[in-house]
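So this block is protein.pdb, PDB, C-alpha atoms and all ligand atoms:
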ATOM      1  CA  MET A   1     176.904 -72.069 107.712
ATOM      2  CA  LYS A   2     174.157 -69.631 106.800
ATOM      3  CA  LEU A   3     175.361 -69.548 103.187
ATOM      4  CA  LYS A   4     175.300 -73.340 103.044
ATOM      5  CA  PHE A   5     171.700 -73.315 104.254
ATOM      6  CA  VAL A   6     170.653 -70.742 101.671
ATOM      7  CA  LEU A   7     172.398 -72.702  98.931
ATOM      8  CA  ALA A   8     170.760 -75.959  99.986
ATOM      9  CA  ALA A   9     167.328 -74.293 100.091
ATOM     10  CA  ALA A  10     167.875 -72.789  96.633
ATOM     11  CA  LEU A  11     168.935 -76.138  95.191
ATOM     12  CA  LEU A  12     165.904 -77.808  96.732
ATOM     13  CA  ALA A  13     163.614 -75.164  95.247
ATOM     14  CA  VAL A  14     165.171 -75.587  91.792
ATOM     15  CA  GLY A  15     164.923 -79.363  92.137
ATOM     16  CA  LEU A  16     161.290 -79.196  93.169
ATOM     17  CA  SER A  17     160.285 -76.858  90.380
ATOM     18  CA  ALA A  18     162.192 -79.010  87.898
ATOM     19  CA  THR A  19     160.387 -82.157  88.976
ATOM     20  CA  ALA A  20     157.038 -80.351  89.118
ATOM     21  CA  GLN A  21     157.244 -79.199  85.500
ATOM     22  CA  THR A  22     154.531 -80.670  83.328
ATOM     23  CA  ILE A  23     155.430 -81.418  79.734
ATOM     24  CA  ILE A  24     152.766 -81.180  77.057
ATOM     25  CA  LYS A  25     153.761 -82.709  73.763
ATOM     26  CA  PHE A  26     151.780 -80.931  71.047
ATOM     27  CA  SER A  27     152.009 -82.783  67.761
ATOM     28  CA  HIS A  28     150.738 -81.705  64.363
ATOM     29  CA  VAL A  29     151.261 -82.602  60.731
ATOM     30  CA  VAL A  30     151.706 -79.268  58.944
ATOM     31  CA  ALA A  31     154.638 -76.871  58.512
ATOM     32  CA  ALA A  32     155.621 -74.440  61.277
ATOM     33  CA  ASP A  33     154.931 -71.542  58.936
ATOM     34  CA  THR A  34     151.148 -72.081  58.716
ATOM     35  CA  PRO A  35     148.215 -70.793  60.796
ATOM     36  CA  LYS A  36     148.248 -73.970  62.941
ATOM     37  CA  GLY A  37     152.042 -74.020  63.223
ATOM     38  CA  LYS A  38     152.204 -70.418  64.385
ATOM     39  CA  ALA A  39     149.251 -70.694  66.771
ATOM     40  CA  SER A  40     150.679 -73.767  68.492
ATOM     41  CA  VAL A  41     153.969 -71.943  69.129
ATOM     42  CA  PHE A  42     151.995 -68.947  70.410
ATOM     43  CA  PHE A  43     150.139 -71.268  72.798
ATOM     44  CA  ALA A  44     153.429 -72.780  74.018
ATOM     45  CA  GLN A  45     154.817 -69.317  74.801
ATOM     46  CA  LYS A  46     151.630 -68.178  76.564
ATOM     47  CA  ALA A  47     151.451 -71.400  78.567
ATOM     48  CA  ALA A  48     155.031 -70.944  79.809
ATOM     49  CA  GLU A  49     154.316 -67.327  80.689
ATOM     50  CA  LEU A  50     151.000 -67.826  82.475
ATOM     51  CA  THR A  51     152.056 -70.942  84.396
ATOM     52  CA  LYS A  52     155.416 -69.317  85.208
ATOM     53  CA  GLY A  53     157.270 -72.229  83.703
ATOM     54  CA  LYS A  54     155.272 -74.960  85.455
ATOM     55  CA  VAL A  55     154.147 -76.185  82.049
ATOM     56  CA  LYS A  56     156.390 -76.657  79.067
ATOM     57  CA  VAL A  57     154.648 -77.191  75.755
ATOM     58  CA  GLU A  58     156.842 -78.917  73.185
ATOM     59  CA  VAL A  59     155.552 -78.403  69.653
ATOM     60  CA  TYR A  60     156.339 -81.066  67.051
ATOM     61  CA  ALA A  61     155.401 -79.816  63.572
ATOM     62  CA  ASN A  62     155.514 -81.559  60.189
ATOM     63  CA  SER A  63     154.485 -85.077  61.339
ATOM     64  CA  ALA A  64     157.756 -85.224  63.337
ATOM     65  CA  LEU A  65     156.121 -87.388  66.004
ATOM     66  CA  TYR A  66     153.034 -88.904  64.429
ATOM     67  CA  LYS A  67     151.061 -88.666  61.233
ATOM     68  CA  ASP A  68     147.354 -88.667  60.649
ATOM     69  CA  LYS A  69     145.554 -91.634  62.248
ATOM     70  CA  GLU A  70     148.513 -92.530  64.438
ATOM     71  CA  GLU A  71     148.439 -89.202  66.242
ATOM     72  CA  MET A  72     144.843 -89.702  67.377
ATOM     73  CA  GLU A  73     145.667 -93.108  68.826
ATOM     74  CA  ALA A  74     148.750 -91.653  70.531
ATOM     75  CA  LEU A  75     146.582 -88.995  72.176
ATOM     76  CA  GLN A  76     144.022 -91.502  73.366
ATOM     77  CA  ILE A  77     146.659 -93.649  75.052
ATOM     78  CA  GLY A  78     148.430 -90.573  76.430
ATOM     79  CA  SER A  79     151.762 -90.778  74.533
ATOM     80  CA  VAL A  80     151.091 -87.248  73.356
ATOM     81  CA  GLN A  81     148.996 -84.727  75.272
ATOM     82  CA  MET A  82     147.787 -82.266  72.658
ATOM     83  CA  LEU A  83     146.899 -82.232  68.965
ATOM     84  CA  ALA A  84     145.089 -79.990  66.539
ATOM     85  CA  PRO A  85     143.760 -82.425  63.929
ATOM     86  CA  SER A  86     141.591 -81.202  61.114
ATOM     87  CA  LEU A  87     137.876 -81.605  61.843
ATOM     88  CA  ALA A  88     137.775 -84.276  59.136
ATOM     89  CA  LYS A  89     139.693 -86.583  61.481
ATOM     90  CA  PHE A  90     136.733 -87.048  63.844
ATOM     91  CA  GLY A  91     134.428 -88.822  61.389
ATOM     92  CA  PRO A  92     136.755 -91.837  61.112
ATOM     93  CA  LEU A  93     136.873 -91.833  64.927
ATOM     94  CA  GLY A  94     133.120 -92.433  64.902
ATOM     95  CA  VAL A  95     131.914 -88.917  65.739
ATOM     96  CA  LYS A  96     130.200 -88.428  62.400
ATOM     97  CA  ASP A  97     128.536 -85.089  63.184
ATOM     98  CA  PHE A  98     131.908 -83.467  62.473
ATOM     99  CA  GLU A  99     131.617 -84.565  58.852
ATOM    100  CA  ALA A 100     129.205 -81.656  58.362
ATOM    101  CA  PHE A 101     132.305 -79.438  58.235
ATOM    102  CA  ASP A 102     133.591 -81.409  55.209
ATOM    103  CA  LEU A 103     130.484 -80.839  53.108
ATOM    104  CA  PRO A 104     131.210 -78.876  49.930
ATOM    105  CA  PHE A 105     130.143 -75.223  49.900
ATOM    106  CA  MET A 106     128.723 -75.411  53.433
ATOM    107  CA  PHE A 107     130.257 -72.049  54.374
ATOM    108  CA  ASP A 108     130.733 -68.985  52.231
ATOM    109  CA  SER A 109     132.740 -66.993  54.767
ATOM    110  CA  TYR A 110     134.541 -67.143  58.082
ATOM    111  CA  ALA A 111     131.581 -65.231  59.566
ATOM    112  CA  GLU A 112     129.163 -68.057  58.681
ATOM    113  CA  LEU A 113     131.585 -70.641  59.953
ATOM    114  CA  HIS A 114     132.106 -68.865  63.279
ATOM    115  CA  LYS A 115     128.382 -68.943  63.940
ATOM    116  CA  VAL A 116     128.872 -72.703  64.278
ATOM    117  CA  THR A 117     132.360 -72.996  65.781
ATOM    118  CA  GLN A 118     131.956 -70.157  68.255
ATOM    119  CA  GLY A 119     128.350 -70.918  69.161
ATOM    120  CA  PRO A 120     126.582 -73.594  71.220
ATOM    121  CA  GLU A 121     126.598 -76.076  68.325
ATOM    122  CA  GLY A 122     130.401 -76.026  68.198
ATOM    123  CA  ALA A 123     130.641 -76.638  71.942
ATOM    124  CA  ALA A 124     128.083 -79.460  71.752
ATOM    125  CA  LEU A 125     130.140 -81.145  69.029
ATOM    126  CA  LEU A 126     133.348 -80.962  71.079
ATOM    127  CA  ALA A 127     131.506 -82.543  74.036
ATOM    128  CA  LYS A 128     130.772 -85.569  71.822
ATOM    129  CA  LEU A 129     134.499 -86.386  71.877
ATOM    130  CA  GLU A 130     134.553 -86.997  75.633
ATOM    131  CA  PRO A 131     133.418 -90.649  75.561
ATOM    132  CA  LYS A 132     136.495 -91.238  73.359
ATOM    133  CA  GLY A 133     138.768 -89.945  76.143
ATOM    134  CA  ILE A 134     139.262 -86.647  74.318
ATOM    135  CA  LYS A 135     138.650 -83.158  75.632
ATOM    136  CA  GLY A 136     138.070 -80.502  72.966
ATOM    137  CA  LEU A 137     139.532 -77.124  73.895
ATOM    138  CA  ALA A 138     139.061 -74.840  70.893
ATOM    139  CA  TYR A 139     138.472 -74.479  67.178
ATOM    140  CA  TRP A 140     141.289 -73.006  65.112
ATOM    141  CA  ASP A 141     140.742 -71.908  61.538
ATOM    142  CA  ASN A 142     142.872 -72.663  58.583
ATOM    143  CA  GLY A 143     140.753 -71.638  55.653
ATOM    144  CA  PHE A 144     138.916 -72.531  52.519
ATOM    145  CA  LYS A 145     140.241 -75.148  50.136
ATOM    146  CA  SER A 146     141.116 -74.887  46.482
ATOM    147  CA  PHE A 147     141.578 -77.661  43.959
ATOM    148  CA  SER A 148     144.832 -78.236  42.115
ATOM    149  CA  ALA A 149     145.959 -80.591  39.351
ATOM    150  CA  ASN A 150     148.289 -80.698  36.365
ATOM    151  CA  SER A 151     145.524 -79.673  33.983
ATOM    152  CA  PRO A 152     143.065 -76.759  34.316
ATOM    153  CA  LEU A 153     140.009 -77.315  36.533
ATOM    154  CA  LYS A 154     137.281 -74.954  35.393
ATOM    155  CA  ALA A 155     134.190 -77.091  34.899
ATOM    156  CA  PRO A 156     132.963 -80.222  36.726
ATOM    157  CA  ALA A 157     133.874 -82.247  33.611
ATOM    158  CA  ASP A 158     137.550 -81.358  34.140
ATOM    159  CA  PHE A 159     137.623 -83.576  37.252
ATOM    160  CA  LYS A 160     136.480 -86.675  35.401
ATOM    161  CA  GLY A 161     138.732 -89.703  35.749
ATOM    162  CA  LYS A 162     141.389 -87.813  37.736
ATOM    163  CA  LYS A 163     142.739 -89.094  41.028
ATOM    164  CA  PHE A 164     142.502 -86.619  43.896
ATOM    165  CA  ARG A 165     144.201 -87.029  47.241
ATOM    166  CA  ILE A 166     141.817 -86.453  50.136
ATOM    167  CA  GLN A 167     141.937 -86.894  53.873
ATOM    168  CA  SER A 168     140.155 -89.965  55.175
ATOM    169  CA  SER A 169     136.511 -88.814  55.030
ATOM    170  CA  LYS A 170     133.408 -90.412  53.567
ATOM    171  CA  VAL A 171     132.075 -86.949  52.722
ATOM    172  CA  LEU A 172     135.227 -85.955  50.853
ATOM    173  CA  GLU A 173     135.088 -89.261  48.963
ATOM    174  CA  GLU A 174     131.557 -88.433  47.806
ATOM    175  CA  GLN A 175     132.576 -84.886  46.968
ATOM    176  CA  ILE A 176     135.227 -86.145  44.530
ATOM    177  CA  ARG A 177     132.903 -88.791  43.101
ATOM    178  CA  SER A 178     130.151 -86.211  42.538
ATOM    179  CA  VAL A 179     132.285 -84.687  39.754
ATOM    180  CA  GLY A 180     133.540 -87.998  38.362
ATOM    181  CA  GLY A 181     136.938 -87.928  40.092
ATOM    182  CA  ILE A 182     138.613 -90.810  41.910
ATOM    183  CA  PRO A 183     139.272 -90.167  45.602
ATOM    184  CA  GLN A 184     142.534 -91.450  47.096
ATOM    185  CA  VAL A 185     142.938 -91.341  50.868
ATOM    186  CA  MET A 186     146.499 -90.594  51.896
ATOM    187  CA  ALA A 187     148.446 -89.189  54.866
ATOM    188  CA  PHE A 188     149.303 -85.508  54.537
ATOM    189  CA  SER A 189     153.032 -86.184  54.794
ATOM    190  CA  GLU A 190     152.870 -88.333  51.656
ATOM    191  CA  VAL A 191     151.029 -85.934  49.359
ATOM    192  CA  TYR A 192     153.991 -84.094  47.846
ATOM    193  CA  GLN A 193     155.627 -87.292  46.686
ATOM    194  CA  ALA A 194     152.358 -88.730  45.415
ATOM    195  CA  LEU A 195     151.831 -85.624  43.287
ATOM    196  CA  GLN A 196     155.409 -85.628  42.109
ATOM    197  CA  THR A 197     155.351 -89.254  41.009
ATOM    198  CA  GLY A 198     151.857 -89.079  39.534
ATOM    199  CA  VAL A 199     150.306 -91.532  42.027
ATOM    200  CA  VAL A 200     147.562 -88.905  42.212
ATOM    201  CA  ASP A 201     146.737 -86.142  39.729
ATOM    202  CA  GLY A 202     145.519 -83.477  42.072
ATOM    203  CA  THR A 203     144.429 -82.515  45.540
ATOM    204  CA  GLU A 204     142.513 -79.965  47.620
ATOM    205  CA  ASN A 205     144.032 -77.665  50.239
ATOM    206  CA  PRO A 206     143.954 -74.250  51.745
ATOM    207  CA  ILE A 207     146.789 -72.319  50.087
ATOM    208  CA  SER A 208     148.940 -72.227  53.245
ATOM    209  CA  ASN A 209     149.225 -76.018  53.223
ATOM    210  CA  PHE A 210     149.715 -76.098  49.453
ATOM    211  CA  TYR A 211     152.541 -73.570  49.541
ATOM    212  CA  THR A 212     154.390 -74.708  52.672
ATOM    213  CA  GLN A 213     154.415 -78.310  51.409
ATOM    214  CA  LYS A 214     155.819 -76.998  48.119
ATOM    215  CA  MET A 215     152.979 -78.566  46.169
ATOM    216  CA  HIS A 216     153.235 -75.664  43.715
ATOM    217  CA  GLU A 217     156.418 -77.349  42.464
ATOM    218  CA  VAL A 218     154.417 -80.385  41.371
ATOM    219  CA  GLN A 219     151.015 -78.955  40.386
ATOM    220  CA  LYS A 220     150.622 -76.859  37.262
ATOM    221  CA  HIS A 221     147.120 -75.530  37.912
ATOM    222  CA  MET A 222     145.114 -74.314  40.838
ATOM    223  CA  THR A 223     141.554 -72.981  40.823
ATOM    224  CA  LEU A 224     140.508 -70.783  43.738
ATOM    225  CA  THR A 225     137.274 -72.641  44.365
ATOM    226  CA  ASP A 226     136.947 -72.047  48.137
ATOM    227  CA  HIS A 227     134.682 -75.081  47.985
ATOM    228  CA  GLY A 228     135.222 -76.444  51.459
ATOM    229  CA  TYR A 229     136.527 -75.600  54.865
ATOM    230  CA  LEU A 230     139.638 -76.920  56.596
ATOM    231  CA  GLY A 231     139.966 -76.145  60.263
ATOM    232  CA  TYR A 232     141.054 -77.797  63.468
ATOM    233  CA  ALA A 233     139.920 -78.743  66.928
ATOM    234  CA  VAL A 234     142.620 -78.415  69.548
ATOM    235  CA  ILE A 235     142.212 -81.487  71.695
ATOM    236  CA  THR A 236     143.851 -83.024  74.733
ATOM    237  CA  ASN A 237     143.788 -86.336  76.551
ATOM    238  CA  LYS A 238     140.839 -85.925  78.929
ATOM    239  CA  LYS A 239     142.349 -87.866  81.812
ATOM    240  CA  PHE A 240     145.560 -85.849  81.597
ATOM    241  CA  TRP A 241     143.646 -82.564  81.459
ATOM    242  CA  ASP A 242     141.301 -83.408  84.330
ATOM    243  CA  GLY A 243     144.310 -84.503  86.401
ATOM    244  CA  LEU A 244     146.048 -81.121  86.198
ATOM    245  CA  PRO A 245     145.962 -78.886  89.280
ATOM    246  CA  ALA A 246     142.956 -76.551  88.916
ATOM    247  CA  ASP A 247     145.075 -73.378  88.893
ATOM    248  CA  VAL A 248     147.366 -74.711  86.153
ATOM    249  CA  ARG A 249     144.394 -75.884  84.109
ATOM    250  CA  GLY A 250     142.874 -72.416  84.401
ATOM    251  CA  GLN A 251     146.099 -70.798  83.212
ATOM    252  CA  LEU A 252     146.272 -73.172  80.255
ATOM    253  CA  GLU A 253     142.651 -72.423  79.402
ATOM    254  CA  GLN A 254     143.538 -68.740  79.360
ATOM    255  CA  ALA A 255     146.582 -69.428  77.159
ATOM    256  CA  MET A 256     144.341 -71.409  74.798
ATOM    257  CA  LYS A 257     141.788 -68.598  74.692
ATOM    258  CA  GLU A 258     144.475 -66.127  73.651
ATOM    259  CA  ALA A 259     146.041 -68.565  71.173
ATOM    260  CA  THR A 260     142.607 -69.103  69.608
ATOM    261  CA  VAL A 261     142.066 -65.390  69.062
ATOM    262  CA  TYR A 262     145.545 -65.225  67.516
ATOM    263  CA  ALA A 263     144.990 -68.343  65.356
ATOM    264  CA  ASN A 264     141.736 -67.055  63.947
ATOM    265  CA  GLN A 265     143.172 -63.606  63.359
ATOM    266  CA  ILE A 266     146.148 -64.792  61.325
ATOM    267  CA  ALA A 267     144.455 -67.561  59.320
ATOM    268  CA  LYS A 268     143.271 -65.485  56.383
ATOM    269  CA  GLU A 269     146.416 -63.364  56.361
ATOM    270  CA  GLU A 270     148.660 -66.460  56.245
ATOM    271  CA  ASN A 271     146.673 -67.942  53.377
ATOM    272  CA  ASP A 272     146.804 -64.652  51.475
ATOM    273  CA  LYS A 273     150.587 -64.523  51.947
ATOM    274  CA  SER A 274     150.931 -68.092  50.688
ATOM    275  CA  LEU A 275     148.829 -67.272  47.643
ATOM    276  CA  GLU A 276     151.264 -64.484  46.812
ATOM    277  CA  GLY A 277     154.108 -66.990  47.208
ATOM    278  CA  VAL A 278     152.453 -69.458  44.824
ATOM    279  CA  LYS A 279     151.835 -66.735  42.255
ATOM    280  CA  LYS A 280     155.377 -65.407  42.526
ATOM    281  CA  SER A 281     156.846 -68.879  42.050
ATOM    282  CA  GLY A 282     155.434 -68.870  38.531
ATOM    283  CA  LYS A 283     155.124 -72.668  38.736
ATOM    284  CA  THR A 284     151.387 -73.012  39.283
ATOM    285  CA  THR A 285     148.877 -71.080  37.198
ATOM    286  CA  VAL A 286     146.286 -69.701  39.601
ATOM    287  CA  TYR A 287     142.792 -69.327  38.177
ATOM    288  CA  THR A 288     139.886 -67.468  39.774
ATOM    289  CA  PRO A 289     136.624 -69.030  38.597
ATOM    290  CA  THR A 290     133.817 -66.825  37.369
ATOM    291  CA  ALA A 291     130.634 -66.721  39.464
ATOM    292  CA  GLU A 292     128.987 -69.036  36.901
ATOM    293  CA  GLU A 293     131.842 -71.549  36.996
ATOM    294  CA  ARG A 294     131.778 -71.633  40.791
ATOM    295  CA  LEU A 295     128.011 -72.074  40.778
ATOM    296  CA  ALA A 296     128.298 -74.973  38.319
ATOM    297  CA  LEU A 297     130.701 -76.720  40.707
ATOM    298  CA  LYS A 298     128.444 -75.969  43.659
ATOM    299  CA  LYS A 299     125.450 -77.466  41.842
ATOM    300  CA  ALA A 300     127.412 -80.548  40.832
ATOM    301  CA  MET A 301     128.501 -81.123  44.429
ATOM    302  CA  ALA A 302     125.220 -80.238  46.185
ATOM    303  CA  PRO A 303     123.828 -83.812  46.031
ATOM    304  CA  VAL A 304     126.623 -84.827  48.440
ATOM    305  CA  HIS A 305     124.721 -82.999  51.199
ATOM    306  CA  LEU A 306     121.558 -85.012  50.616
ATOM    307  CA  LYS A 307     123.419 -88.275  50.186
ATOM    308  CA  MET A 308     125.351 -87.915  53.457
ATOM    309  CA  ALA A 309     122.532 -86.427  55.572
ATOM    310  CA  ASP A 310     121.509 -89.669  57.305
ATOM    311  CA  ARG A 311     125.100 -90.558  58.060
ATOM    312  CA  ILE A 312     125.978 -87.165  59.557
ATOM    313  CA  GLY A 313     122.669 -86.707  61.356
ATOM    314  CA  LYS A 314     119.840 -84.519  60.136
ATOM    315  CA  GLY A 315     119.630 -82.648  63.466
ATOM    316  CA  THR A 316     123.265 -81.550  63.258
ATOM    317  CA  LEU A 317     122.868 -80.581  59.625
ATOM    318  CA  GLN A 318     119.794 -78.450  60.332
ATOM    319  CA  GLN A 319     121.803 -76.539  62.952
ATOM    320  CA  PHE A 320     124.555 -75.894  60.410
ATOM    321  CA  TYR A 321     122.097 -74.765  57.729
ATOM    322  CA  LYS A 322     120.370 -72.486  60.216
ATOM    323  CA  ALA A 323     123.699 -70.805  60.919
ATOM    324  CA  THR A 324     124.892 -70.585  57.327
ATOM    325  CA  GLY A 325     121.678 -70.140  55.366
ATOM    326  CA  PHE A 326     122.825 -72.811  52.895
ATOM    327  CA  ASP A 327     120.103 -74.985  51.413
ATOM    328  CA  PRO A 328     121.347 -77.741  49.089
ATOM    329  CA  ALA A 329     117.784 -78.622  48.049
ATOM    330  CA  LYS A 330     117.348 -75.160  46.519
ATOM    331  CA  LEU A 331     120.263 -75.407  44.094
TER     332      LEU A 331
HETATM  333  C1  LIG B   1     145.307 -82.893  55.651
HETATM  334  O1  LIG B   1     145.579 -84.066  55.897
HETATM  335  O2  LIG B   1     145.156 -82.446  54.510
HETATM  336  C2  LIG B   1     145.146 -81.935  56.798
HETATM  337  O3  LIG B   1     144.677 -82.630  57.914
HETATM  338  C3  LIG B   1     146.430 -81.307  57.114
HETATM  339  C4  LIG B   1     146.244 -80.305  58.211
HETATM  340  O4  LIG B   1     146.076 -79.128  57.871
HETATM  341  O5  LIG B   1     146.297 -80.701  59.373
END
Would you mind writing the file's structure down as structure tokens?
Amino acid sequence: MKLKFVLAAALLAVGLSATAQTIIKFSHVVAADTPKGKASVFFAQKAAELTKGKVKVEVYANSALYKDKEEMEALQIGSVQMLAPSLAKFGPLGVKDFEAFDLPFMFDSYAELHKVTQGPEGAALLAKLEPKGIKGLAYWDNGFKSFSANSPLKAPADFKGKKFRIQSSKVLEEQIRSVGGIPQVMAFSEVYQALQTGVVDGTENPISNFYTQKMHEVQKHMTLTDHGYLGYAVITNKKFWDGLPADVRGQLEQAMKEATVYANQIAKEENDKSLEGVKKSGKTTVYTPTAEERLALKKAMAPVHLKMADRIGKGTLQQFYKATGFDPAKL
């Protein structure tokens, strides 16, 4: 009799905890073996640990659930609870201040970048997502982008007439146009094939994305320009987040804090490892520009800052320049 009671109580407890488990679908478009891929798995493990299994985070890498624009819509309607889109994805959503992150040569180092992302300006930008039903939780780094193509890219003139795949971003469009290239907006999951078939001639990426998408198989040249930043905002559906029990939300915030430290610690290391991989493959010739060559590209692209200033918002831009010390008018 007593045993039956204990068994029934145990079954009830298991049943209750099973029904009480919250599932967070975390979707992203890049490979598992990238800074974002690894940090999202780290977050899932921490969330399980800190909530003692009350929350299960399911990570879907490589556009397995959604790609590009679709994933943002899915988050807003609540079909997926968490994403880490690149910061470039918020301009098309109407929050144009984020386009400041896309501006060429805005940051020369992670240290300059962190003054924005880890300071009050970064928090103020995330708050601008709330009217869209989105709660911003953290910034995760990837790294600085390099250009690739099937012919060498050393001087601005080498970009002329070539088609470059970019993410959907008015700033990135202008960046490509500033050197006479032709911008082609395309979902990340389609880039490899577009390069392979010659639909586009080149692209821009941090090396971790380039290598894990095997773009080195279909691009003969890469120049380590570090001309722009690619990073992410981890975001969640605001209604979902606000509806979580306060203790669980607190535990998830802690898990996110730890995942963010991890993400930003591994970003450079992962990109360096991928660069080694690209070099070892022997398929893409990797070129490091001289200081003069890099400066020539910077000068050619500087007008993009002035051209896009009204669109992005001069107030936001001044905050960025204050943090980074960059002054496009002085080039
Ligand atoms: C891209 O489309 O190039 C990026 O958004 C991919 C990424 O790193 O999320």
Got a sec to resolve the PyMOL selection byres (((chain A and resi 330) around 12) and not hetatm) on this structure and send the residues as a PDB file with C-alpha atoms, in the coordinates of the input?
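Result file selection.pdb:
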ATOM      1  CA  LYS A 298     128.444 -75.969  43.659  1.00  0.00           C
ATOM      2  CA  LYS A 299     125.450 -77.466  41.842  1.00  0.00           C
ATOM      3  CA  ALA A 302     125.220 -80.238  46.185  1.00  0.00           C
ATOM      4  CA  PRO A 303     123.828 -83.812  46.031  1.00  0.00           C
ATOM      5  CA  HIS A 305     124.721 -82.999  51.199  1.00  0.00           C
ATOM      6  CA  LEU A 306     121.558 -85.012  50.616  1.00  0.00           C
ATOM      7  CA  GLY A 325     121.678 -70.140  55.366  1.00  0.00           C
ATOM      8  CA  PHE A 326     122.825 -72.811  52.895  1.00  0.00           C
ATOM      9  CA  ASP A 327     120.103 -74.985  51.413  1.00  0.00           C
ATOM     10  CA  PRO A 328     121.347 -77.741  49.089  1.00  0.00           C
ATOM     11  CA  ALA A 329     117.784 -78.622  48.049  1.00  0.00           C
ATOM     12  CA  LEU A 331     120.263 -75.407  44.094  1.00  0.00           C
TER      13      LEU A 331
END
Residues at most 8 Å from region 247-258 of chain A, counting only C-alpha atoms, excluding those fewer than 3 positions away in the same chain, as a ChimeraX atom specification?
/A:43,46-47,50-51,54,137-138,241,244,261-262
Apply the PyMOL selection byres (((chain A and resi 136) around 6) and not hetatm) to the file shown and report the selected residues as a PDB file with C-alpha atoms, in the frame of the given file.
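Produced file out16.pdb, reproduced below:
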ATOM      1  CA  LEU A 126     133.348 -80.962  71.079  1.00  0.00           C
ATOM      2  CA  LYS A 135     138.650 -83.158  75.632  1.00  0.00           C
ATOM      3  CA  LEU A 137     139.532 -77.124  73.895  1.00  0.00           C
ATOM      4  CA  ILE A 235     142.212 -81.487  71.695  1.00  0.00           C
TER       5      ILE A 235
END
For Leu275 (chain A), list every protein, DNA or RNA residue within 6 Å, evaluated using only C-alpha atoms, and leave out those in the same chain fewer than 3 positions away; present the list as a ChimeraX atom specification.
/A:207,272,278
Is there a way to get, as an NGL selection string, all residues within 12 Å of the point (139.6, -84.2, 33.7) in file coordinates, counting all atoms listed in the file?
:A and (148-164 or 176 or 179-182 or 201-202)
Please compute the CA of Met106 (chain A)-CA of Thr324 (chain A) distance, one decimal, in Å.
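Going from CA of Met106 (chain A) over to CA of Thr324 (chain A), I get 7.3 Å.
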Run the PyMOL selection byres (((chain A and resi 238) around 7) and not hetatm) on the file and write out the hits as a list in words.
Gly133, Ile134, Lys135, Thr236, Asn237, Lys239, Phe240, Trp241 and Asp242 of chain A
Atomic separation - CA of Val59 (chain A) relative to CA of Val41 (chain A), Å
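Taking CA of Val41 (chain A) as the start and CA of Val59 (chain A) as the end point, the length is 6.7 Å.
A straight line drawn from CA of Ser27 (chain A) to CA of Ala267 (chain A) is 19.0 Å long.
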Please supply region 81-93 of chain A, rebuilt with N, CA and C atoms, as a JSON list (two decimals), in the coordinates of the input.
[["chain", "number", "residue", "atom", "x", "y", "z"],
["A", 81, "GLN", "N", 150.07, -85.33, 74.47],
["A", 81, "GLN", "CA", 149.00, -84.73, 75.27],
["A", 81, "GLN", "C", 148.10, -83.78, 74.48],
["A", 82, "MET", "N", 148.59, -83.26, 73.38],
["A", 82, "MET", "CA", 147.79, -82.27, 72.66],
["A", 82, "MET", "C", 147.98, -82.38, 71.15],
["A", 83, "LEU", "N", 146.88, -82.19, 70.43],
["A", 83, "LEU", "CA", 146.90, -82.23, 68.96],
["A", 83, "LEU", "C", 145.96, -81.16, 68.44],
["A", 84, "ALA", "N", 146.09, -80.85, 67.18],
["A", 84, "ALA", "CA", 145.09, -79.99, 66.54],
["A", 84, "ALA", "C", 144.74, -80.60, 65.19],
["A", 85, "PRO", "N", 144.09, -81.78, 65.20],
["A", 85, "PRO", "CA", 143.76, -82.42, 63.93],
["A", 85, "PRO", "C", 142.68, -81.66, 63.19],
["A", 86, "SER", "N", 142.66, -81.84, 61.88],
["A", 86, "SER", "CA", 141.59, -81.20, 61.11],
["A", 86, "SER", "C", 140.28, -81.85, 61.54],
["A", 87, "LEU", "N", 139.18, -81.11, 61.38],
["A", 87, "LEU", "CA", 137.88, -81.60, 61.84],
["A", 87, "LEU", "C", 137.48, -82.87, 61.10],
["A", 88, "ALA", "N", 138.06, -83.06, 59.91],
["A", 88, "ALA", "CA", 137.78, -84.28, 59.14],
["A", 88, "ALA", "C", 138.24, -85.54, 59.86],
["A", 89, "LYS", "N", 139.13, -85.39, 60.82],
["A", 89, "LYS", "CA", 139.69, -86.58, 61.48],
["A", 89, "LYS", "C", 138.72, -87.22, 62.50],
["A", 90, "PHE", "N", 137.63, -86.52, 62.81],
["A", 90, "PHE", "CA", 136.73, -87.05, 63.84],
["A", 90, "PHE", "C", 135.66, -87.99, 63.30],
["A", 91, "GLY", "N", 135.37, -87.89, 62.00],
["A", 91, "GLY", "CA", 134.43, -88.82, 61.39],
["A", 91, "GLY", "C", 134.96, -90.25, 61.49],
["A", 92, "PRO", "N", 136.20, -90.48, 61.02],
["A", 92, "PRO", "CA", 136.76, -91.84, 61.11],
["A", 92, "PRO", "C", 136.85, -92.34, 62.55],
["A", 93, "LEU", "N", 136.84, -91.44, 63.51],
["A", 93, "LEU", "CA", 136.87, -91.83, 64.93],
["A", 93, "LEU", "C", 135.48, -92.26, 65.40]]
